[in-house]
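**Q** One file: model21.tsv (TSV, C-alpha atoms).
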chain	number	residue	atom	x	y	z
P	14	MET	CA	65.07	110.49	89.02
P	15	SER	CA	67.20	107.43	89.76
P	16	ASN	CA	69.80	107.61	92.51
P	17	PRO	CA	72.92	106.12	90.91
P	18	THR	CA	74.79	105.61	94.19
P	19	ALA	CA	72.45	102.95	95.49
P	20	LEU	CA	71.58	99.41	94.41
P	21	ALA	CA	69.28	99.34	91.40
P	22	ARG	CA	66.06	97.36	91.73
P	23	THR	CA	66.04	95.44	88.48
P	24	PRO	CA	63.53	92.81	87.30
P	25	GLU	CA	64.27	89.13	86.81
P	26	PRO	CA	66.82	88.47	84.03
P	27	PRO	CA	67.27	88.48	81.14
P	28	TYR	CA	67.93	92.17	80.55
P	29	TYR	CA	70.91	94.21	79.40
P	30	ALA	CA	73.70	96.06	81.17
P	31	VAL	CA	75.93	98.79	79.76
P	32	VAL	CA	79.15	98.78	81.80
P	33	PHE	CA	81.00	102.08	81.42
P	34	THR	CA	84.42	102.20	83.10
P	35	SER	CA	86.41	105.40	82.98
P	36	GLN	CA	89.38	107.33	84.27
P	37	ARG	CA	88.53	110.99	84.75
P	38	ALA	CA	90.81	113.70	83.43
P	39	ALA	CA	91.76	116.49	85.85
P	40	GLY	CA	89.29	119.27	86.71
P	41	ASP	CA	85.49	119.33	86.66
P	42	GLN	CA	84.98	121.36	83.46
P	43	GLY	CA	81.23	120.86	83.62
P	44	TYR	CA	81.48	117.13	84.29
P	45	GLU	CA	79.24	116.85	87.36
P	46	ALA	CA	76.41	118.81	85.76
P	47	MET	CA	76.65	116.74	82.58
P	48	ALA	CA	76.69	113.46	84.53
P	49	ALA	CA	73.59	114.41	86.54
P	50	ARG	CA	71.83	115.50	83.34
P	51	MET	CA	72.64	112.20	81.61
P	52	VAL	CA	71.15	110.23	84.53
P	53	GLU	CA	68.03	112.38	84.41
P	54	LEU	CA	67.67	112.12	80.65
P	55	GLY	CA	68.61	108.45	80.27
P	56	SER	CA	66.28	107.34	83.04
P	57	SER	CA	63.35	108.92	81.19
P	58	TYR	CA	63.82	106.53	78.28
P	59	ASP	CA	61.47	103.63	77.66
P	60	GLY	CA	63.19	100.41	78.68
P	61	PHE	CA	65.49	102.02	81.25
P	62	LEU	CA	65.64	99.74	84.32
P	63	GLY	CA	68.16	101.41	86.62
P	64	ILE	CA	71.65	102.80	87.06
P	65	GLU	CA	74.50	102.30	89.52
P	66	SER	CA	77.64	104.42	89.68
P	67	ALA	CA	80.77	104.64	91.84
P	68	ARG	CA	83.99	106.60	91.52
P	69	GLY	CA	87.00	106.52	93.82
P	70	ALA	CA	89.16	109.44	94.91
P	71	ASP	CA	91.70	108.38	92.26
P	72	GLY	CA	89.18	109.27	89.53
P	73	PHE	CA	88.57	105.69	88.39
P	74	GLY	CA	84.86	105.01	88.08
P	75	ILE	CA	82.28	102.48	86.96
P	76	THR	CA	78.73	103.23	85.87
P	77	VAL	CA	76.35	100.41	84.99
P	78	SER	CA	73.00	101.19	83.42
P	79	TYR	CA	70.36	98.49	82.97
P	80	TRP	CA	68.01	98.18	80.02
P	81	ARG	CA	65.12	96.00	78.92
P	82	ASP	CA	66.71	95.14	75.58
P	83	GLU	CA	69.20	96.23	72.93
P	84	ALA	CA	66.59	98.38	71.19
P	85	ALA	CA	66.22	100.53	74.32
P	86	ILE	CA	70.01	100.98	74.48
P	87	SER	CA	70.11	101.97	70.81
P	88	ALA	CA	67.36	104.55	71.24
P	89	TRP	CA	69.28	106.18	74.11
P	90	GLN	CA	72.48	106.11	72.07
P	91	ARG	CA	70.72	108.11	69.36
P	92	ASN	CA	69.74	110.91	71.77
P	93	THR	CA	71.36	114.15	70.59
P	94	GLU	CA	72.29	115.43	74.06
P	95	HIS	CA	73.79	112.06	74.89
P	96	GLN	CA	75.88	112.14	71.72
P	97	GLN	CA	77.10	115.63	72.63
P	98	ALA	CA	78.06	114.35	76.08
P	99	GLN	CA	79.93	111.43	74.51
P	100	ARG	CA	81.95	113.86	72.39
P	101	GLY	CA	82.73	115.89	75.52
P	102	GLY	CA	83.78	112.71	77.27
P	103	GLN	CA	86.15	111.84	74.47
P	104	ALA	CA	87.63	115.34	74.22
P	105	THR	CA	87.64	116.61	77.80
P	106	TRP	CA	86.29	114.58	80.70
P	107	TYR	CA	87.88	111.16	80.39
P	108	ALA	CA	91.55	110.24	80.09
P	109	ASP	CA	90.36	106.78	79.05
P	110	TYR	CA	87.20	104.69	79.05
P	111	ALA	CA	85.64	101.43	77.96
P	112	VAL	CA	82.04	100.49	77.19
P	113	ARG	CA	80.79	96.92	77.39
P	114	VAL	CA	77.27	95.86	76.47
P	115	ALA	CA	76.26	92.64	78.17
P	116	ARG	CA	73.19	90.45	78.53
P	117	VAL	CA	72.43	89.77	82.20
P	118	GLU	CA	71.62	86.08	82.53
P	119	ARG	CA	71.27	85.63	86.28
P	120	ALA	CA	71.26	87.82	89.36
P	121	TYR	CA	71.02	87.46	93.13
P	122	GLY	CA	71.29	89.64	96.18
P	123	LYS	CA	72.14	89.56	99.84
P	124	SER	CA	68.85	88.40	101.21
K	18	MET	CA	98.46	90.78	90.22
K	19	SER	CA	95.73	92.77	88.48
K	20	ASN	CA	95.25	96.40	89.39
K	21	PRO	CA	91.50	96.75	89.90
K	22	THR	CA	91.48	100.55	89.77
K	23	ALA	CA	92.44	100.77	86.12
K	24	LEU	CA	90.77	99.76	82.86
K	25	ALA	CA	90.96	96.01	82.24
K	26	ARG	CA	92.43	94.88	78.93
K	27	THR	CA	89.93	92.27	77.86
K	28	PRO	CA	89.87	90.26	74.61
K	29	GLU	CA	87.25	90.57	71.89
K	30	PRO	CA	83.75	89.52	73.04
K	31	PRO	CA	82.05	87.27	73.77
K	32	TYR	CA	83.16	86.73	77.36
K	33	TYR	CA	81.47	87.03	80.75
K	34	ALA	CA	81.23	89.77	83.37
K	35	VAL	CA	80.32	89.41	87.04
K	36	VAL	CA	78.97	92.76	88.21
K	37	PHE	CA	79.11	93.04	92.00
K	38	THR	CA	77.51	96.18	93.43
K	39	SER	CA	77.61	96.78	97.16
K	40	GLN	CA	77.05	99.17	100.01
K	41	ARG	CA	79.75	98.81	102.65
K	42	ALA	CA	78.85	98.54	106.32
K	43	ALA	CA	80.72	100.82	108.74
K	44	GLY	CA	84.30	100.02	109.80
K	45	ASP	CA	87.05	98.10	108.04
K	46	GLN	CA	86.90	94.88	110.09
K	47	GLY	CA	89.43	93.19	107.84
K	48	TYR	CA	87.70	94.25	104.65
K	49	GLU	CA	90.63	95.80	102.77
K	50	ALA	CA	92.89	92.81	103.39
K	51	MET	CA	90.16	90.39	102.31
K	52	ALA	CA	89.40	92.41	99.15
K	53	ALA	CA	93.07	92.49	98.12
K	54	ARG	CA	93.38	88.75	98.79
K	55	MET	CA	90.29	88.00	96.67
K	56	VAL	CA	91.77	89.96	93.73
K	57	GLU	CA	95.06	88.08	94.09
K	58	LEU	CA	93.38	84.70	94.40
K	59	GLY	CA	90.67	85.21	91.75
K	60	SER	CA	93.12	86.52	89.17
K	61	SER	CA	95.15	83.32	89.47
K	62	TYR	CA	92.20	81.27	88.16
K	63	ASP	CA	92.15	79.86	84.66
K	64	GLY	CA	89.78	81.94	82.52
K	65	PHE	CA	90.16	85.14	84.55
K	66	LEU	CA	90.39	88.06	82.11
K	67	GLY	CA	90.51	91.14	84.32
K	68	ILE	CA	88.90	93.13	87.12
K	69	GLU	CA	87.78	96.71	87.62
K	70	SER	CA	86.66	98.22	90.91
K	71	ALA	CA	85.55	101.61	92.21
K	72	ARG	CA	84.05	102.76	95.50
K	73	GLY	CA	82.95	106.25	96.44
K	74	ALA	CA	83.40	107.99	99.79
K	75	ASP	CA	79.76	107.08	100.58
K	76	GLY	CA	80.70	103.38	100.63
K	77	PHE	CA	78.80	102.46	97.48
K	78	GLY	CA	80.99	100.41	95.17
K	79	ILE	CA	81.04	98.40	91.96
K	80	THR	CA	83.46	95.61	91.09
K	81	VAL	CA	83.33	93.95	87.69
K	82	SER	CA	85.38	90.83	87.03
K	83	TYR	CA	85.71	89.41	83.54
K	84	TRP	CA	85.86	85.72	82.68
K	85	ARG	CA	86.30	83.55	79.62
K	86	ASP	CA	83.13	81.55	80.23
K	87	GLU	CA	80.61	80.41	82.84
K	88	ALA	CA	82.74	77.40	83.75
K	89	ALA	CA	85.58	79.69	84.88
K	90	ILE	CA	83.14	81.67	87.04
K	91	SER	CA	81.81	78.48	88.59
K	92	ALA	CA	85.29	77.22	89.43
K	93	TRP	CA	86.10	80.49	91.21
K	94	GLN	CA	82.77	80.35	93.07
K	95	ARG	CA	83.75	76.93	94.43
K	96	ASN	CA	87.02	78.23	95.94
K	97	THR	CA	86.92	77.70	99.70
K	98	GLU	CA	88.55	81.02	100.65
K	99	HIS	CA	86.17	82.81	98.30
K	100	GLN	CA	83.20	81.14	99.94
K	101	GLN	CA	84.50	82.19	103.38
K	102	ALA	CA	84.82	85.77	102.11
K	103	GLN	CA	81.25	85.63	100.79
K	104	ARG	CA	80.01	84.57	104.21
K	105	GLY	CA	81.97	87.46	105.76
K	106	GLY	CA	80.44	89.82	103.22
K	107	GLN	CA	76.97	88.67	104.11
K	108	ALA	CA	77.54	88.87	107.87
K	109	THR	CA	79.87	91.82	108.31
K	110	TRP	CA	81.24	93.83	105.41
K	111	TYR	CA	78.22	94.71	103.29
K	112	ALA	CA	74.97	96.37	104.30
K	113	ASP	CA	73.60	95.23	100.94
K	114	TYR	CA	74.83	93.84	97.63
K	115	ALA	CA	73.77	92.46	94.29
K	116	VAL	CA	75.54	90.09	91.89
K	117	ARG	CA	74.73	89.98	88.18
K	118	VAL	CA	76.30	87.53	85.76
K	119	ALA	CA	76.24	88.81	82.20
K	120	ARG	CA	77.52	87.80	78.78
K	121	VAL	CA	79.48	90.64	77.17
K	122	GLU	CA	78.37	90.88	73.56
K	123	ARG	CA	80.20	93.98	72.33
K	124	ALA	CA	82.77	96.40	73.64
K	125	TYR	CA	84.55	99.56	72.54
K	126	GLY	CA	86.93	102.11	74.02
K	127	LYS	CA	88.04	105.68	73.68
K	128	SER	CA	90.51	105.29	70.84
I'd like the structure from this file rewritten - as structure tokens, please.

**A**
Amino acid sequence: MSNPTALARTPEPPYYAVVFTSQRAAGDQGYEAMAARMVELGSSYDGFLGIESARGADGFGITVSYWRDEAAISAWQRNTEHQQAQRGGQATWYADYAVRVARVERAYGKS
Amino acid sequence: MSNPTALARTPEPPYYAVVFTSQRAAGDQGYEAMAARMVELGSSYDGFLGIESARGADGFGITVSYWRDEAAISAWQRNTEHQQAQRGGQATWYADYAVRVARVERAYGKS
């Protein structure tokens, strides 16, 4: 299973990124278990390349998942458990969120 | 000045995102002041659309800045203070980092 609180080792671009930014609502209400399950489930999908996630003490967080192509993203979006989690996110876990789907064109690192 | 720990209000795609993921090294060593200055300075650039940033207690963080086009990103990359900060990041502030430049193709929110 991917560790989302470490740098993802992605291939050479191009590939896709789904940038999910969110403000958590108060209380856990099953959030941590759901989030861990979504990482486990999503990372089993064909075309999954990696995931990175950070959330501050103020509840504002960013999760970026990386995908081979749009078709891989679409397949994951159709997953039933993922759709249930999205409904829970809308109703319970997030005060607000935004999703941006982007094509990574270039990338570089520290070394 | 933009508040980087809140959702950015970006226009309709297409536009660009610079996804900066990093693992902080130990100690502040001027980091917080530099980071605030970079938000202030970067957000004054033509073509800047917004910024979002989150870092967990483990020091792993993600900052996403949004830009009208590649030319706006390039202009900001040429800023002298920004280049000094990048050298500081390489030498002092970050144990590791990755930068990905991506073209946002679609976006949606909670409501």

**Q** Separation of CA of Leu54 (chain P) and CA of Gly40 (chain P), in Å?

**A**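 Between CA of Leu54 (chain P) and CA of Gly40 (chain P) the gap is 23.6 Å.
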
**Q** Dump as a tab-separated table the rows for residues of chain K within 7 Å of chain P: closest atom pair and distance in Å with one decimal, all atoms listed in the file counted, ordered by chain and rising residue number.

**A**
residue	atom	partner	partner_atom	distance
K:Thr22	CA	P:Phe73	CA	6.1
K:Ala23	CA	P:Phe73	CA	6.7
K:Leu24	CA	P:Thr34	CA	6.8
K:Thr38	CA	P:Leu20	CA	6.8
K:Ala71	CA	P:Arg68	CA	5.3
K:Arg72	CA	P:Gly69	CA	5.1
K:Gly73	CA	P:Gly69	CA	4.8
K:Phe77	CA	P:Thr18	CA	6.1
K:Gly78	CA	P:Ala67	CA	5.4
K:Ile79	CA	P:Ala67	CA	6.2
K:Gln107	CA	P:Lys123	CA	6.5
K:Asp113	CA	P:Lys123	CA	6.0
K:Tyr114	CA	P:Lys123	CA	5.5
K:Ala115	CA	P:Gly122	CA	4.2
K:Val116	CA	P:Tyr121	CA	5.4
K:Arg117	CA	P:Ala120	CA	4.3
K:Val118	CA	P:Arg119	CA	5.4
K:Ala119	CA	P:Val117	CA	3.9
K:Arg120	CA	P:Ala115	CA	5.0
K:Val121	CA	P:Ala115	CA	3.9
K:Glu122	CA	P:Ala115	CA	5.4
K:Arg123	CA	P:Val114	CA	5.4
K:Ala124	CA	P:Arg113	CA	4.3
K:Tyr125	CA	P:Val112	CA	5.4
K:Gly126	CA	P:Ala111	CA	4.2
K:Lys127	CA	P:Tyr110	CA	5.5

**Q** Output C-alpha atoms for every residue in that selection, as a PDB file, keeping the file's coordinate frame.

**A**
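Final file, selection_31.pdb:
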ATOM      1  CA  THR K  22      91.480 100.550  89.770  1.00  0.00           C
ATOM      2  CA  ALA K  23      92.440 100.770  86.120  1.00  0.00           C
ATOM      3  CA  LEU K  24      90.770  99.760  82.860  1.00  0.00           C
ATOM      4  CA  THR K  38      77.510  96.180  93.430  1.00  0.00           C
ATOM      5  CA  ALA K  71      85.550 101.610  92.210  1.00  0.00           C
ATOM      6  CA  ARG K  72      84.050 102.760  95.500  1.00  0.00           C
ATOM      7  CA  GLY K  73      82.950 106.250  96.440  1.00  0.00           C
ATOM      8  CA  PHE K  77      78.800 102.460  97.480  1.00  0.00           C
ATOM      9  CA  GLY K  78      80.990 100.410  95.170  1.00  0.00           C
ATOM     10  CA  ILE K  79      81.040  98.400  91.960  1.00  0.00           C
ATOM     11  CA  GLN K 107      76.970  88.670 104.110  1.00  0.00           C
ATOM     12  CA  ASP K 113      73.600  95.230 100.940  1.00  0.00           C
ATOM     13  CA  TYR K 114      74.830  93.840  97.630  1.00  0.00           C
ATOM     14  CA  ALA K 115      73.770  92.460  94.290  1.00  0.00           C
ATOM     15  CA  VAL K 116      75.540  90.090  91.890  1.00  0.00           C
ATOM     16  CA  ARG K 117      74.730  89.980  88.180  1.00  0.00           C
ATOM     17  CA  VAL K 118      76.300  87.530  85.760  1.00  0.00           C
ATOM     18  CA  ALA K 119      76.240  88.810  82.200  1.00  0.00           C
ATOM     19  CA  ARG K 120      77.520  87.800  78.780  1.00  0.00           C
ATOM     20  CA  VAL K 121      79.480  90.640  77.170  1.00  0.00           C
ATOM     21  CA  GLU K 122      78.370  90.880  73.560  1.00  0.00           C
ATOM     22  CA  ARG K 123      80.200  93.980  72.330  1.00  0.00           C
ATOM     23  CA  ALA K 124      82.770  96.400  73.640  1.00  0.00           C
ATOM     24  CA  TYR K 125      84.550  99.560  72.540  1.00  0.00           C
ATOM     25  CA  GLY K 126      86.930 102.110  74.020  1.00  0.00           C
ATOM     26  CA  LYS K 127      88.040 105.680  73.680  1.00  0.00           C
TER      27      LYS K 127
END

**Q** Using all atoms listed in the file, find the one residue out of P:Leu62, P:Met51, P:Ala46, P:Ala38 that sits nearest to Asn92 (chain P).

**A**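 Looking at the shortest contact to Asn92 (chain P), the residue is P:Met51.
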
**Q** Please provide the set of residues having any atom within 10 Å of Ile90 (chain K), restricted to only C-alpha atoms, with same-chain residues fewer than 5 positions apart removed, written as a list in words.

**A** Tyr33, Ala34, Val35, Gly59, Tyr62, Asp63, Gly64, Phe65, Ser82, Tyr83, Trp84, Arg85, Arg95 and Val118 of chain K

**Q** In Å, how far is it from CA of Met51 (chain K) to CA of Thr97 (chain K)?

**A**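 So the answer is 13.4 Å.
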
**Q** Please report the interatomic distance between CA of Gly101 (chain P) and CA of Glu45 (chain P) in Å with one decimal.

**A**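 Atom-to-atom, CA of Gly101 (chain P) to CA of Glu45 (chain P), that is 12.4 Å.
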
**Q** To test the calculation: enclose all listed atoms of region 14-33 of chain P in a box whose edges run along x, y and z, add 8 Å on each side, then state centre and edge lengths in Å to one decimal, as AutoDock Vina command-line options.

**A**
--center_x 72.3 --center_y 99.5 --center_z 87.4 --size_x 33.5 --size_y 38.0 --size_z 32.1

**Q** Could you pull region 35-67 of chain K out of the block above and give me N, CA and C atoms, as a short mmCIF file (atom, residue, chain, number, x, y, z; two decimals), in the first residue's frame?

**A**
data_model
loop_
_atom_site.label_atom_id
_atom_site.label_comp_id
_atom_site.auth_asym_id
_atom_site.auth_seq_id
_atom_site.Cartn_x
_atom_site.Cartn_y
_atom_site.Cartn_z
N VAL K 35 1.25 24.48 -10.26
CA VAL K 35 2.57 24.03 -9.86
C VAL K 35 2.41 23.31 -8.53
N VAL K 36 2.62 21.99 -8.56
CA VAL K 36 2.45 21.17 -7.36
C VAL K 36 3.83 20.97 -6.74
N PHE K 37 4.01 21.52 -5.55
CA PHE K 37 5.30 21.43 -4.85
C PHE K 37 5.10 20.57 -3.61
N THR K 38 5.67 19.38 -3.60
CA THR K 38 5.57 18.50 -2.44
C THR K 38 6.94 18.42 -1.79
N SER K 39 6.95 18.44 -0.45
CA SER K 39 8.24 18.54 0.23
C SER K 39 8.22 17.90 1.62
N GLN K 40 9.37 17.47 2.01
CA GLN K 40 9.61 17.00 3.38
C GLN K 40 10.55 18.00 4.03
N ARG K 41 10.08 18.67 5.08
CA ARG K 41 10.88 19.66 5.77
C ARG K 41 12.04 19.01 6.51
N ALA K 42 13.18 19.69 6.52
CA ALA K 42 14.28 19.33 7.40
C ALA K 42 13.96 19.86 8.80
N ALA K 43 14.73 19.44 9.80
CA ALA K 43 14.45 19.85 11.18
C ALA K 43 14.78 21.32 11.40
N GLY K 44 14.03 21.98 12.29
CA GLY K 44 14.33 23.35 12.67
C GLY K 44 13.74 24.37 11.73
N ASP K 45 13.40 25.55 12.24
CA ASP K 45 12.79 26.57 11.37
C ASP K 45 13.83 27.23 10.47
N GLN K 46 14.90 27.71 11.04
CA GLN K 46 16.00 28.34 10.28
C GLN K 46 15.52 29.37 9.26
N GLY K 47 14.54 30.16 9.66
CA GLY K 47 14.04 31.21 8.77
C GLY K 47 12.98 30.74 7.79
N TYR K 48 12.56 29.50 7.91
CA TYR K 48 11.63 28.93 6.92
C TYR K 48 10.29 29.65 6.88
N GLU K 49 9.67 29.85 8.03
CA GLU K 49 8.31 30.41 8.05
C GLU K 49 8.29 31.81 7.45
N ALA K 50 9.29 32.61 7.78
CA ALA K 50 9.35 33.97 7.23
C ALA K 50 9.55 33.93 5.72
N MET K 51 10.42 33.03 5.25
CA MET K 51 10.65 32.91 3.81
C MET K 51 9.36 32.47 3.12
N ALA K 52 8.67 31.47 3.68
CA ALA K 52 7.46 30.94 3.04
C ALA K 52 6.39 32.03 2.92
N ALA K 53 6.22 32.81 3.98
CA ALA K 53 5.22 33.89 3.94
C ALA K 53 5.62 34.94 2.90
N ARG K 54 6.91 35.24 2.83
CA ARG K 54 7.39 36.22 1.85
C ARG K 54 7.17 35.71 0.42
N MET K 55 7.38 34.42 0.19
CA MET K 55 7.20 33.88 -1.16
C MET K 55 5.73 33.94 -1.57
N VAL K 56 4.81 33.71 -0.64
CA VAL K 56 3.38 33.83 -0.96
C VAL K 56 3.06 35.28 -1.32
N GLU K 57 3.58 36.21 -0.51
CA GLU K 57 3.32 37.63 -0.75
C GLU K 57 3.86 38.06 -2.11
N LEU K 58 5.11 37.65 -2.37
CA LEU K 58 5.78 38.08 -3.60
C LEU K 58 5.16 37.39 -4.82
N GLY K 59 4.98 36.08 -4.75
CA GLY K 59 4.43 35.33 -5.89
C GLY K 59 3.03 35.80 -6.27
N SER K 60 2.23 36.11 -5.24
CA SER K 60 0.84 36.48 -5.53
C SER K 60 0.73 37.87 -6.13
N SER K 61 1.83 38.61 -6.15
CA SER K 61 1.81 39.93 -6.79
C SER K 61 2.10 39.82 -8.28
N TYR K 62 2.45 38.63 -8.76
CA TYR K 62 2.83 38.47 -10.17
C TYR K 62 1.60 38.42 -11.07
N ASP K 63 1.76 39.00 -12.25
CA ASP K 63 0.71 38.92 -13.26
C ASP K 63 0.48 37.45 -13.63
N GLY K 64 -0.77 37.03 -13.66
CA GLY K 64 -1.09 35.65 -14.01
C GLY K 64 -1.19 34.72 -12.84
N PHE K 65 -0.89 35.20 -11.64
CA PHE K 65 -1.10 34.39 -10.42
C PHE K 65 -2.60 34.26 -10.17
N LEU K 66 -3.07 33.04 -9.93
CA LEU K 66 -4.51 32.82 -9.74
C LEU K 66 -4.87 32.39 -8.32
N GLY K 67 -3.90 31.87 -7.58
CA GLY K 67 -4.23 31.42 -6.22
C GLY K 67 -3.19 30.44 -5.72
#
